[in-house]
Amino acid sequence: MNNSESLKYLGLLILLGPLLGAILAGALGPRVLRGATHWVSILGVATAFVGAILVFGAVRGFAPGVTGAIAPVYDWLPTGGSSYFRFEFLFDPLTAIMLLTVTGVSLLVVIYSRDYMREHDHPEQGYERFFAFLALFVASMCLLVLGGNFVMLYAGWELVGLCSYLLIGFYYSKPSAAAAAKKAFLVNRIGDFGFGLAILLIYLFFGTVDYSKVFEMARHGVIANGAPFTPELATTISLLLLCGACGKSAQIPLYVWLPDAMEGPTPVSALIHAATMVTAGIYMIARCGVIFVASPTAMTVVAIIGAATALFAATIALVQTDVKRILAYSTISQLGFMVLGLGVYAADSAIFHLFTHAFFKALLFLGAGSVMHAMSGVIDVRHFSGLRKVLPVTYATFLIGALALAGFPMLSGFFSKDVILHHALHVRPFLGFLGIVTAAFTAFYTFRMVFLTFHGPLKLPEGVHAHESGKWMLVPLVVLSVGAIGAGYLGVEALGSPLTRFISPVFESTFGAAAKHMELGEAAEHAGFWGEYGLMIASGAIAIAGILSAYVVYVRQPWIPGLVRASAMGLHRTLWNKYYVDEAYNDAIVEPLRQTGSVCVALDDYLIDGLLWFVTAIPRALGFLLRTMQTGLLHTYAVTMVAGVALIVLWITW
Amino acid sequence: MSFVNSISALSPELILLIGACALLLLGIVDTGRVGRICSPAALFILLAALIATLAIGDSKAIEPAPGLRLDSLTYFVRWITLSVGAIIVLVNWSQPAAVERGEYMFLVVCSILGVLLTAEANDLVVLFLAVELVSVPTYVLIALSRVEPKASESAVKYFFLGALAAAILAYGIALTYGASGDTAIYRVAGGATVSALKGALGGTLGVIGLLLIFAGLSFKIAAVPFHAYAADVYEGAAAPITGMLGFIPKFAGFVALIKIFAALQWNIPHSTWWVIWCVAVATMTIGNVLALMQKSIKRLLAYSSITHTGYMLVALLAGPGPESGPLRDGVAAILFYISVYGLMNLGAFAALTWMRTEDRETEELAELPAAARSHPAAALALAVCVFSLSGLPPTAGFLAKFYVIGSAFSVPRESPMHGAMIALAIIAVINSAIGAAYYLRIIAATYLTKPVDTATEKRAKAPTQLQIPGGAVAISLGVCALTMLILFAVPDMLAHQTHLAARFSRSALTSPTGRMTKEDDKVKSDSSASSLKPEAARYLSATHDSHSAAQP
């Protein structure tokens, strides 16, 4: 069995494992498996995880100079001539890392959900449905990552959107959950529309949707008919792709769905924020790097959007009181960092940050879920405090996640954020500066959340008997905290940065070449001690300062927040209301659309329906007429036939 | 060809023939226990014939006996018919009373044998006999299928109208023979291909003969204006046999049409082409319009089957296209379509069979909500099949439509029929949009409507005591529904086979003798034809109304 053959089966294993789990959970769950449904999902996702490890091994074993392998599975539809639309997988370091992240984090989340979705060890309503959708979510994401062409990417993209809709709206009888699901789906659809247009443009100009062919052509600066691949075309396609990425990866202006997505069960939030959904946009931009770098304009826009989103979301997170909401804004902010990294030609750093972020964000969300579980569903920091004594394990692991998120030295977030800032400061100093400000805010709001939740006097919501979660929930937390501590060392330069070195060949001819072309990155290599470590020390200091100020403000001198709130009433209200973006969208887009809609309804009711009635009256009248001929009488039928023959013969002999 | 070789080449047919006789004998012997043996025996016979078919494989064109010719089409028709036939037996597993099961299965096997022979017929007379062998057993099957006056009534109707159609077909063959003095469909004589049909086209008589043959076969495929029987017959017969009626005669009819058109190398006289064009438009539209009005599921599906015939006629007119494969080749597209149609239609009727209760079948749309609630698995499979019928992804029905429309668009631009084919494709698309309206009504009735009538609710809850269609129907339904989904994911499983099957029409095209019809002396168009690509030349030849040559 040759290499591509075995890779093909690995890909199928990764794809079909969770899919089969989903099907079994859906088909057998309600009747047969019931409370044991989680097993099929866990097994399915575990299969994918094992497959991902094997893929990682296989990709590492590629001969030097080989960056990727295409594994054709089969030809699906003919697209004219002897060419087929092919179902194929692409394996390269980027795919391998994405697969490991996605399946690894998902596996822990699925295990965690076993206890989370139970009340007093009794499965919740819809337990089977939950696990079926969860496994389908993972399968969709694997399809997105594995696909070797834009159509498979799009299929995975849409399936992920569908699954997020189903899971955010899991408690569909709750109006806010149903609305959040709808919002997530619609906002994503806006992004998808741009993405779909981009794919159509790619097909139109490159004549194919296969990554290998499209990227090869783009690399040589030509399109299908031999004409040059102009920067204008590159800009158009990139910006449309970016539109899709903004939807999935929650960037300005399409980030609004993510904070609301916490209406789903907490494991779903962990999955969406860490592994299966928001990373899709980052992956897509990284994958299509060759198109993006062909357009300096698009790269500038990417960088600006990333930096702006990072800062914007961080400021909102400063004042929110709902733990899950704070975490949601922190995700948007961190995704902003990744997009900024992509925009400053540091794709390997962006993927590195994606990798470390998956650990600590999943950890934080699952920790928040553990708190929520203990608090009987309450998650607002104003209603509890001092939980560290009641929830010791949750506290310890949450603290590790928070330290990593805040960029505390020597934890994973510190290293990955640092390399992005390093590049950003070098390429676009102003955006890099914004990133540093964001990092300070991040440390502050993260620890504001930690201190308010776990420190201070013990306070519980009324009627809640707090208890530490069961082992199904704690084990994933512990595993993730190990990752949150250790994952960063895979990218540390002093240790040979195995991860970034593993992945950078993918970007060598895209982001790397472009950066080299613009004579970037050279200076970084010749920097002295301060050039190399100065920023590291500075950002570590900023993180510690942020944490300390949060400590002072929220633990030592708890009167300060009230004073600040009172003295800057307007600012606080603006932040509290998330800059009124939702309201602005509502007034500027939703309401006008709704009014247009009511006009359209009126038009539809009177004009279109009238016309339609008229149009459909034709078939109906025809049907009525013909039905009268359908008498059921034998001789009528015979006469029809003979008349038909007579008519035909007459026509011929006329 | 030696005797042994002939026997082995025809072994699937012989197995069916001997097996059918054995079934008849089994039926005559005591009925008490034997009733249970007949269905498995019939299944066994079909599978044995299928194995024989696969063992023979897709051989080169041979003529094992006078009037019979085996080619790539034969192989395809054999294995598709036998596979679908096996599912038909499964659906009919426990349909008739045990007493009659021997005869019943005998008739089913005979009908299937007829389809195989149709694909092999190389002589118009053999073709006639084969096509009638398909139809005659179905007349009896309808009457046997259930003990109800409606069934007898529709059997009688079908029989009389079928006889009329057979007469028209025979008349057409007689006229062709009169015009050409030959009945061979395709024959190589002295290095040249001879075809009775081609020879006859020189004169009006031959053209009328061809049209009468088309008319006679139109009855089998239920094309307008020979469609009127469909709804009554479908409604009268029991659901399992209706499922069979939707596939077996239609398949035979289309195979016969493909053979005839291939013998003419798609050089169809202009006027005939337009007649078929009009028939295709009328068939698509009238079937749809009538289906919109129906409250009975069986009548609805009957009219929808007329519409599907219309779609397939589109591909028939497109003919072998510039490239092989169903997307560009009308012949492959028809073969793909009819195979998929056979399964999805059978699946829908299998679902209705499964949903039956002790006293009656589920027939009205209004009964569906209650039935769907008591049979969730059948409802799901029905939904898949109906989705496929309406041509929505992710089902094979979508691909079938995609291929048919693709083949219509593949007619070369140089062809004078290009515009007409595009128009036809557009009409087909509009019609499938109309079609969605009534197919979705079935889905809506299955999943969105609450059972209204308390009586029907009670009916749904009542324990089924009498003949419950058992595992066999469930298996067949599962096979049909799953195939629709799997074929969508892996269309090449079937598409490649249709491409291989359609080769025969291509080899006929590239045969040494003229692909141009010799017609008006004024248009000695050798020079102009040779400058064109072969495909274009084929279409070019259709421009000149060849029967005008007969009226100098």
# chains A, B, ... in the order shown; residues from 1 in each chain; ligands from 1

$ residues_around --residues "Val89 of chain B" --least-positions-apart "6" --cutoff "10 Å" --atoms "only C-alpha atoms" --output "number ranges by chain"
B: 39-43, 46, 95, 105, 108-109, 240-241, 244, 472-473, 476

$ interface_residues --of "chain A" --to "chain B" --cutoff "8 Å" --atoms "only C-alpha atoms" --output "list in words"
Tyr74, Asp75, Trp76, Leu77, Pro78, Gly80, Gly81, Pro619, Arg620, Leu622, Gly623, Leu626, Arg627, Gln630, Gly632, Leu634, Tyr637, Ala638, Thr640, Met641, Gly644, Val645, Ile648, Val649, Ile652 and Thr653 of chain A

$ closest_atom_pairs --of "segment 459-567 of chain A" --to "segment 203-215 of chain A" --cutoff "12 Å" --atoms "only C-alpha atoms" --output "Markdown table"
| residue | atom | partner | partner_atom | distance |
| --- | --- | --- | --- | --- |
| A:Val506 | CA | A:Phe215 | CA | 12.0 |
| A:Phe507 | CA | A:Phe215 | CA | 11.9 |
| A:Ser509 | CA | A:Phe215 | CA | 10.3 |
| A:Thr510 | CA | A:Phe215 | CA | 9.5 |

$ atom_distance --atom1 "atom CA of Leu82 of chain B" --atom2 "atom CA of Leu343 of chain B"
12.3 Å

$ select_by_dssp --residues "segment 342-540 of chain A" --states "helix (DSSP H, G or I)" --output "ChimeraX atom specification"
/A:342-343,347-374,381-383,392-406,412-427,429-454,471-491,493-495,498-517,522-525,529-540

$ closest_atom_pairs --of "segment 32-114 of chain A" --to "segment 332-356 of chain A" --cutoff "12 Å" --atoms "only C-alpha atoms" --output "Markdown table"
| residue | atom | partner | partner_atom | distance |
| --- | --- | --- | --- | --- |
| A:Pro93 | CA | A:Asp348 | CA | 10.6 |
| A:Leu94 | CA | A:Ile351 | CA | 8.2 |
| A:Thr95 | CA | A:Ile351 | CA | 10.8 |
| A:Ala96 | CA | A:Phe355 | CA | 11.5 |
| A:Ile97 | CA | A:Phe355 | CA | 7.8 |
| A:Met98 | CA | A:Phe355 | CA | 7.9 |
| A:Leu99 | CA | A:Phe355 | CA | 10.5 |
| A:Leu100 | CA | A:Phe355 | CA | 9.1 |
| A:Thr101 | CA | A:Phe355 | CA | 6.3 |
| A:Val102 | CA | A:Phe355 | CA | 9.2 |
| A:Thr103 | CA | A:Phe355 | CA | 11.9 |
| A:Gly104 | CA | A:Phe355 | CA | 10.8 |
| A:Val105 | CA | A:Phe355 | CA | 10.1 |

$ residues_around --residues "Ser370 of chain A" --least-positions-apart "4" --cutoff "9 Å" --atoms "only C-alpha atoms" --output "PyMOL selection string"
chain A and resi 116+266+365-366+374-375+391+394+468-469+473-474

$ residues_around --residues "Met536 of chain A" --least-positions-apart "3" --cutoff "12 Å" --atoms "only C-alpha atoms" --output "NGL selection string"
:A and (407-410 or 413-422 or 436 or 492-493 or 529-533 or 539-543)

$ closest_residue --among "B:Phe349, B:Trp273, B:Phe106, B:Phe402" --to "Glu361 of chain B" --atoms "only C-alpha atoms"
B:Phe349
